[in-house]
Each structure stands twice: as structure tokens, then as C-alpha cells.
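Contents: one structure, followed by commentary.
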Amino acid sequence: MNVGRLAWPTPTGAMLWEIWGRHKLNLCWQGIALATSVCLVHWKEQGAPKDVAPLLVLFSSLCFLGAYLSLLACFGYIEVDAWGVRLSFPGRLLLKPVSTARLVLVPMFFGGLVIVTSFAVWTELVLRHLGNIAALDRLWISAVLLSFFWWMQVLAWGLPLVKGRMLVVGVLALIHFLVWRLPQMPRTALSGWQWPILAASLASAVPAAWLGLKLMRQGRWEGPLRISRLWSRLRFARARGRRRRFGSAFGAQFWLEWRRQGWLLPGISGGMALLMVPCILIGFKLVGVGTGPSETNLRAELILPLLLLPLVISVLLGSVLAKFDRLHATDELPIYLAVRPMTNGGFVMAKLAMALATSALTWLITVAAFFCLALLGKGTLFSKAGLVTPYGPVAFMTGCVPVLLLLVIWTWINLVAGIGAGLTGRAWIGGAYMFSRVVLLDALFVLAGSAMENVNFRATLLHWLPGILLVCLAAKLGVSVAAFVGGLRRNAITASGAGWIIGGWLGCGLLLAGYAGFVCHAINQRGLWIWVALAGFLMLPLANLAIAPLALAWNRHR
Amino acid sequence: MKFPSPSSAEAVIAVSGLSRHFGSKAALDDVSVFVPRGSVLGLVGENGAGKTTLIKHLLGALKAQAGGVRVFGLDPVLNPVGVLGRVGYLSERRDLPGWMRVDEFMRYTQAFYPRWDEHYAGQLLEQFQLDPAQKLKTLSQGQQAKIGLLTSLAYRPELLILDEPSSGLDPVVRRDILEAIIRMVAEEGRTVLFSSHLLDEVERVADHVVMLQRGRVVLNGRTEEVRRSHILAVLAFAEPPATAPVLAGAHAVAGYGSEWRVLFGGSRLELEAAAALVGARVVEERTPTLDEILVARAGGKGS
């Protein structure tokens, strides 16, 4: 039988063809991202407005980051098993008559080659035009990117069943981030060791991956399975006496959501924040504390991510949240959930409640990490007087509470932003929504930048802004009403569910408007209040939440 | 063989004129099925005949493109809570949350069904010899089927839908599952819709059978009536035909030389008349099994 194009002369060819076959759309997106970034850089160099230029730089950098992460997914050779539990080297390949060395080397070396080449192309066409990437930095960054890629593979292939592996990968990312910054540190104790450290990391990755896969292939190692089983037994025995039935279906569904997704944001961002505290303190001990501009900048660069982590990670996790089981092979609603007697609105409400709880817990952990840093770094990083005394501790704490609430709500908004699109169970809709969101945000930034630069345009924009905001709000309300009516008609949501969503939106909106009014009054800018209040009502999700039960109905009843 | 119609008994399942296309392929074409309360319906057909598609419509996982689906008189798409609260479902695809333990899965499922019978669930747990501390991902195929069945039976659903429940299972587990179903039907008079490739199982359990072929209902009736409406006969020819004889009403003809086996759909008189037309006589005959009927109809691609 002539199988034509399907016949590959070597297993390596077949493995590479498989990577191409599975990820060609992904690789095409990379081309689009590169082309877009080249156009933006060209626009910047041809004289884009001054205030827009930083946004173009930011967007192009994000495109590069997305392309790099996407390459990790393409060449990582990390797949979910049929159970949706184990994330590891594709099991089907372990059964092929191919040496372990080949199985390890093909994705590691070809993936590495593509990553390094891709970085070189991005640097030449885009990154070079954005900032100062010296010749040494190019080589250094390539090596760091390659090292992270390889060690991610080592962990994924060697520790398939470790529960906290995502956290381990997070720590790995943090370590590589710090290693990447080594040459830019003002004074570093590791300056003579930076290349040997990286070389050792690169050299040890391949044997470590080979060993992990070899042991797994021989059935001698499936990660610390025994420890995991023992821990599971202990937990079961401890909890046995305390186990009670769930009070309601909502409670059970909330528990499922929490167990599957709830710990992700607190675990990643909170855990990273707690881990950053000793890293920052040790870093400052090594570097020494100064008051010069470079130390001040470094301080800001290290501390600011601590506070921005939950917001950034919540944006990234938002698309994951719409799935009921993040490791489920397809985007469809798993059948064990689809056959439960619960309304689509009920499923959505449990998801929203979980997102709110997870946001609150994340910020509690982040605040705890920040206070740890403030206490441990007292006299080193901060002066107590500079932070607290001008307002007094009580006033300081009281002032923090509304800000903290706003941050919790903001994180929640990030998490649920794509819920309506994600619940459709169609990946292309989720992708299209995210793309349109990025484009809209960019357009808003460009509009704002142009307004800041051009006085006439600013005056025109300010004249029309209340009207634009009102039209947007009316459109949002119109879409929401239509979605609620459609949902009620199709029994996708109950009247009480719709009431909770509308009530929550109104309540949060009024709270925000009240707070905005208080702040505007305090800074003597009363005219701003109505705009801030309108923007608040626009930002808070309503249409998205109204659409969510309908979207789930479309997914559940195909 | 007009069975069952909505007028004959209260229909728990009433599917009328249901059609469903996936792209250009017709998965279901004008399917009508009525299942009265207390009956056990066997849904049979070759792979891709549309059995799972029909079951998905009953669960509301698919929306009817044409025709209507009513379960307990309700539309499962518009009223999933009303329907699914009274339906137990066990699928061939053991799509269970592998990260949950057996007891967690039971507690989770219990929360959705107010009529969950804890005592009965405990009995089934013991009978199936399942370890509550074990994670679902570590269970064998048979144990997965058992936990699936347990969580489908423990709230004593009025309708049990089983989609290839014993697919890929060993005979011991198949027997356990069948016995649980038989006991439920015998003791409580529940309605069961049972889809399977293993037609000896269907013959043993089902009192009615619906056969689907390429999305169409080709047989619908009481199991015994369906069997008796077919004859498996051996025809003897005085002159051996060079090619397979064409017999009106025959679903499959196989053989060589002067003796040919025929699966015939009709009465004995009709068979004799058809045989005489092609110059043959009936030398042996018996009632075929469901398996033989399905194979003949699937092999002959229907009439």
C-alpha cells in the first residue's frame, strides 16, 4: 500500500511532522504576531505619536512573550492523559520502538533550535528597535530562554504526578527571571559565576530529562506516586470523621470548582509573592542598599511585581477559568457534569462565586507577603516612618481596605472577563474574543495617548466623552437585557440568578461610584465624578455574565 | 408489530420524527421511539448507527434539529433540571473526574439528588467492593463502570439510560451490572433504556428492542416478536445457482453450491413462496437470535 506523504523515513521525521500537524495553527499565529510587531515597530520609527510609542513597545514585547510561550507549548511534548489528571510526556510515544535518547533529544534540540532562532529573528526585526539589547545580552537571553524551556521539559516529563508541579514551574520561571537580570544588577556577587551557572543548567538538563524518561519507561518511576498515595490515605483518614454531605447542589458545585481551579490563582501568585520575599531580601543583602537612582529603580522593579502579580496572572488565568476541568481534553462540558440536574445559571453562579473567593484569598496572601516584606525589610527596604507614620497606622489600614476591595474586584473582573466566550466550549470563539479584547484595549490606549498629545483632539474627545460613555452603557444594558430575556426564555437562568447578577452589578457599581465621589471630593475634582462612575459601571461585567448561561446552554445542548 | 405508541401506555420517552445532521452526514433520520413506563428497551445497531446520538438527545446534550424529544413529558433542553433529576445515566465513555476519590464523587453526586438513598448507596458500595479512599483515576475499567452505575442508581431514578454499559468489561463485571439492572427493574418497576453491542445481553434483559441502521429505525417491537418475525432457513436448490440467489424479503443470503442459508423477514408461508420462485425448497428453519438478525441486516445494509 502506498501511503504517500504519510510515510516518514525515520521516527525523527515522524515526530517533527506530528509537531507541525498538531500546532500548525499555533505556528501560523506566531507569524502573524511577528508581522504585526514589525509593522508597529516600523510605525514607531516613522514617527508614531510620542505617548503611543511606549504602548507599541509594550504590545510588541507582549507579542514576543506570547510567541515564546506558544513555542513552549508546541515543542514541550507535554500532554494530558486520558484521565485529564496526568500532564507528562505523551504516553503513546513511550510504547514506540524508539530509543529514549531519541525521544528526549528530538523535542529538546529541535525545540531549542526553534526557540533560539525565533529569538534571533524577533531580536533582529523587532526587539532591537525597542530598547538596548547589546550583543552579550542577546546571547545571554537566548541561553536563559533555552535553559527555562529545557528545565520545564525535565520537570514535566520527570514529575508527572506531583501536585505542586505548577508551583515548581513558577519557581523555575522566577529563578530564570532573576538569572536573566544578573548582568543588569548594579553590583552583583555572582558576576563572575553567571555564565558557569547557566552552562551547568544547560548541560545538566538533557541527562536529567533522559534519566526521568528512562525510569518512567521502565515503570520504575511515576513521580513520587507512593508519597502521593500515602499523603492521600492520611488525608482521607483524618477527614473521614468530619465528612458531611453538601448542603446543596450549589455547595457541591462550588466545592468542585474550588478543588479544580480555586487554588490556582492564590497558589501561583500568592505562592510566588511569598517566595519573592526572601528572594528580594537576599537580593538586597547581596547587592547592598543604597539610595542612588539605580537602587531606587531596582527596588521599584522588584517590589512592584509583587503587587501586580495577582492582576497579571488573573488575566492569564481568565481563559482557563471558563473550563470546568482545566485538564479536560476538549472544551466541551464533561459528561459527568452535563447530566447533573442543575441549571446553566447555577453552574455559572458557582463559577462566579469561586472566582470571587479565589480573588479575595489571593489578595489576602499578597498583602500578607507585602507585610512580611515590610516587617523583615524594615530599615533595609523601607523606613517605617516613610510608610506608616504620616497617616498613622489606623488611618493607613483604613485607607487600604477600599483599595484592597477594589483590587479584589479588579482581579475578579479579569478572571471572569472571558467567561461568556469561554463557556461556549468553542476554542475559536474564546480566541476571537481575547483578540478583539486586546485590539479594543490597544485602541483605547492609542486614543488616550493621542488625546494627551493633541490638545484639539483632547478637547473634542472630552466634549464627546460623556455621550460615548452613555452610548456604551446603553449598548451594554441592551445586550444584557437581551441575553437575560433569552436566558430566561430558554430556561438557561432563573429569575433569581438574573436578579443576583443585576443586583451585584448595581451594588458594586454604586459602591465604586460612592468611593469615586469621596475621592473626587477629597482631591477637589468634583467634575470627574460622573465620568469615573460611568466608567466604573462600564468596567464591571454585566453583559458577559448575562451571556454566560446562554453560552453554557449552547455548549451543553449542542 | 406496532409497538409502543403513546396511546398504548404512558410514554416515559417520546421521540417523534427526530432528525440530526452532522455536516452532510445524517446521524438520525426521522426517528420515532416511544418507551412506556416500566419497560426495558434495548437499543441496538452497528457502530455509527446513531444510538449514542439518540441517547444524547434524551439527555439534552444535543438539541433536536427536526422533530421532538420528550422525557417525562418535558423537553430535556428547556428543562434539564426536571428531566435529569429523574434520569440515571451510565456511559460507555467513562468520563469521570479522575482526581476525586470514590467517597468524594458519591458526596458530590448526592448533592444534586434529594432522593439519594444513602443506605442503598452503601449497599451497592459493599456489593461492588469499592474502596471509598481510592481515587477514580486509579480504578480499573470494571470498577469505573461500577462507580458510574452506583451513582446512577443510588437516587433510584425513574429512568435509567445505559449507553454501552458493558463495553470493554470482563464477563464477571458484566454479570454484576446486568444483575443490578435486572433487580432494579424487577423490584421497582423502573424504565430502562439499554444500548449495547452484546445482543445476548439485550435478549436477556430487554423486553422491547429498537434497531437503528444508518440513523433510521429498521426494527421496533417486542424482543420475542422481533425474533419470531424472522426466519433463519437453509434452502436447497435442485440446480446449484452460480451466484447468490435473490430472494424477496431476505436480509442476507450466504452459502455455496446447492445449499444456501437465508435470513428472511416474514412468515413461513412467505418464505416458502419466495423460495419456490427461485427454484428452492426449505430444508431447515429456526428462529434467529438478535445477534444473527443484526449481523444480517447490517451486512445486507438494510432493506
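By convention here, the chains of the C-alpha cells are called A, B, ... in the order presented, each chain's residues are numbered starting at 1, and ligands are numbered starting at 1 in the order presented.
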
Select, as a list in words, those residues of chain A with any atom no more than 7 Å from chain B (distances computed using only C-alpha atoms).
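Result, ordered by chain then number: Trp83, Val85, Arg233, Phe236, Arg245, Phe246, Ser248, Ala249, Ala252, Pro334, Ile335, Tyr336, Val339, Arg340, Pro341, Met342, Thr343, Arg490, Asn491, Arg556, His557 and Arg558 of chain A.
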
Go ahead and dump the residues you just picked, N, CA and C atoms, as a PDB file, in the first residue's frame.
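The resulting file, part22.pdb, is shown below:
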```pdb
ATOM      1  N   TRP A  83      -7.247  10.671  31.479  1.00  0.00           N
ATOM      2  CA  TRP A  83      -7.973  11.000  32.694  1.00  0.00           C
ATOM      3  C   TRP A  83      -8.052  12.497  32.949  1.00  0.00           C
ATOM      4  N   VAL A  85      -5.658  14.096  34.211  1.00  0.00           N
ATOM      5  CA  VAL A  85      -5.017  14.283  35.515  1.00  0.00           C
ATOM      6  C   VAL A  85      -3.511  14.404  35.363  1.00  0.00           C
ATOM      7  N   ARG A 233      -3.954   8.871  51.624  1.00  0.00           N
ATOM      8  CA  ARG A 233      -4.527   7.981  52.651  1.00  0.00           C
ATOM      9  C   ARG A 233      -4.648   8.724  53.980  1.00  0.00           C
ATOM     10  N   PHE A 236      -7.349  11.222  53.908  1.00  0.00           N
ATOM     11  CA  PHE A 236      -8.662  10.570  53.912  1.00  0.00           C
ATOM     12  C   PHE A 236      -9.010  10.127  55.325  1.00  0.00           C
ATOM     13  N   ARG A 245     -22.291  15.676  54.215  1.00  0.00           N
ATOM     14  CA  ARG A 245     -22.809  15.866  52.874  1.00  0.00           C
ATOM     15  C   ARG A 245     -22.956  17.357  52.572  1.00  0.00           C
ATOM     16  N   PHE A 246     -22.943  17.680  51.312  1.00  0.00           N
ATOM     17  CA  PHE A 246     -23.082  19.079  50.924  1.00  0.00           C
ATOM     18  C   PHE A 246     -24.508  19.541  51.202  1.00  0.00           C
ATOM     19  N   SER A 248     -26.172  21.738  49.547  1.00  0.00           N
ATOM     20  CA  SER A 248     -26.950  21.997  48.329  1.00  0.00           C
ATOM     21  C   SER A 248     -26.111  21.636  47.113  1.00  0.00           C
ATOM     22  N   ALA A 249     -26.795  21.613  45.975  1.00  0.00           N
ATOM     23  CA  ALA A 249     -26.078  21.340  44.722  1.00  0.00           C
ATOM     24  C   ALA A 249     -25.088  22.463  44.441  1.00  0.00           C
ATOM     25  N   ALA A 252     -21.967  21.828  46.376  1.00  0.00           N
ATOM     26  CA  ALA A 252     -21.162  20.759  45.765  1.00  0.00           C
ATOM     27  C   ALA A 252     -20.424  21.281  44.543  1.00  0.00           C
ATOM     28  N   PRO A 334     -17.753  18.408  30.459  1.00  0.00           N
ATOM     29  CA  PRO A 334     -17.613  16.969  30.721  1.00  0.00           C
ATOM     30  C   PRO A 334     -18.977  16.332  30.986  1.00  0.00           C
ATOM     31  N   ILE A 335     -19.122  15.109  30.525  1.00  0.00           N
ATOM     32  CA  ILE A 335     -20.447  14.469  30.572  1.00  0.00           C
ATOM     33  C   ILE A 335     -20.921  14.263  32.016  1.00  0.00           C
ATOM     34  N   TYR A 336     -19.974  14.031  32.946  1.00  0.00           N
ATOM     35  CA  TYR A 336     -20.407  13.808  34.335  1.00  0.00           C
ATOM     36  C   TYR A 336     -21.007  15.078  34.949  1.00  0.00           C
ATOM     37  N   VAL A 339     -24.831  15.919  32.837  1.00  0.00           N
ATOM     38  CA  VAL A 339     -26.051  15.174  33.179  1.00  0.00           C
ATOM     39  C   VAL A 339     -26.550  15.489  34.595  1.00  0.00           C
ATOM     40  N   ARG A 340     -25.914  16.428  35.275  1.00  0.00           N
ATOM     41  CA  ARG A 340     -26.398  16.781  36.614  1.00  0.00           C
ATOM     42  C   ARG A 340     -27.616  17.703  36.500  1.00  0.00           C
ATOM     43  N   PRO A 341     -28.594  17.471  37.364  1.00  0.00           N
ATOM     44  CA  PRO A 341     -29.800  18.321  37.296  1.00  0.00           C
ATOM     45  C   PRO A 341     -29.554  19.698  37.898  1.00  0.00           C
ATOM     46  N   MET A 342     -28.846  20.523  37.162  1.00  0.00           N
ATOM     47  CA  MET A 342     -28.567  21.885  37.608  1.00  0.00           C
ATOM     48  C   MET A 342     -28.748  22.809  36.423  1.00  0.00           C
ATOM     49  N   THR A 343     -29.294  23.990  36.677  1.00  0.00           N
ATOM     50  CA  THR A 343     -29.490  24.916  35.561  1.00  0.00           C
ATOM     51  C   THR A 343     -28.134  25.435  35.096  1.00  0.00           C
ATOM     52  N   ARG A 490     -35.091  30.409  27.505  1.00  0.00           N
ATOM     53  CA  ARG A 490     -34.547  29.069  27.251  1.00  0.00           C
ATOM     54  C   ARG A 490     -34.304  28.305  28.551  1.00  0.00           C
ATOM     55  N   ASN A 491     -34.724  28.895  29.655  1.00  0.00           N
ATOM     56  CA  ASN A 491     -34.525  28.267  30.962  1.00  0.00           C
ATOM     57  C   ASN A 491     -33.049  28.097  31.307  1.00  0.00           C
ATOM     58  N   ARG A 556     -23.781  23.004  26.329  1.00  0.00           N
ATOM     59  CA  ARG A 556     -24.359  21.804  26.946  1.00  0.00           C
ATOM     60  C   ARG A 556     -25.387  21.123  26.055  1.00  0.00           C
ATOM     61  N   HIS A 557     -26.142  21.922  25.325  1.00  0.00           N
ATOM     62  CA  HIS A 557     -27.187  21.371  24.437  1.00  0.00           C
ATOM     63  C   HIS A 557     -26.787  21.678  23.002  1.00  0.00           C
ATOM     64  N   ARG A 558     -25.859  20.908  22.462  1.00  0.00           N
ATOM     65  CA  ARG A 558     -25.289  21.250  21.146  1.00  0.00           C
ATOM     66  C   ARG A 558     -26.233  20.934  20.001  1.00  0.00           C
TER      67      ARG A 558
END
```

Quick one: pick out all alpha helix (DSSP H) residues within segment 65-299 of chain B from a backbone DSSP run and write them as a ChimeraX atom specification.
/B:80-84,102-110,118-127,141-153,171-188,199-205,223-228,268-277,290-299

Give me, as JSON lines, the closest atom pair and its distance (Å, one decimal) for every residue of segment 191-225 of chain B within a cut-off of 6 Å of segment 157-179 of chain B, counting only C-alpha atoms, rows sorted by chain and rising number.
```
{"residue": "B:Thr191", "atom": "CA", "partner": "B:Leu159", "partner_atom": "CA", "distance": 4.8}
{"residue": "B:Val192", "atom": "CA", "partner": "B:Leu160", "partner_atom": "CA", "distance": 4.7}
{"residue": "B:Leu193", "atom": "CA", "partner": "B:Ile161", "partner_atom": "CA", "distance": 4.8}
{"residue": "B:Phe194", "atom": "CA", "partner": "B:Leu162", "partner_atom": "CA", "distance": 4.9}
{"residue": "B:Ser195", "atom": "CA", "partner": "B:Asp163", "partner_atom": "CA", "distance": 4.9}
{"residue": "B:Ser196", "atom": "CA", "partner": "B:Glu164", "partner_atom": "CA", "distance": 4.6}
```

**Prompt:** Near segment 511-528 of chain A, counting only C-alpha atoms, which residues have an atom at most 10 Å away, once you skip same-chain residues fewer than 2 positions from it, shown as a PyMOL selection string?
**Reply:** chain A and resi 402-403+405-406+505-509+530-537+540

From atom CA of Phe371 of chain A to atom CA of Leu415 of chain A the spacing works out at 25.1 Å
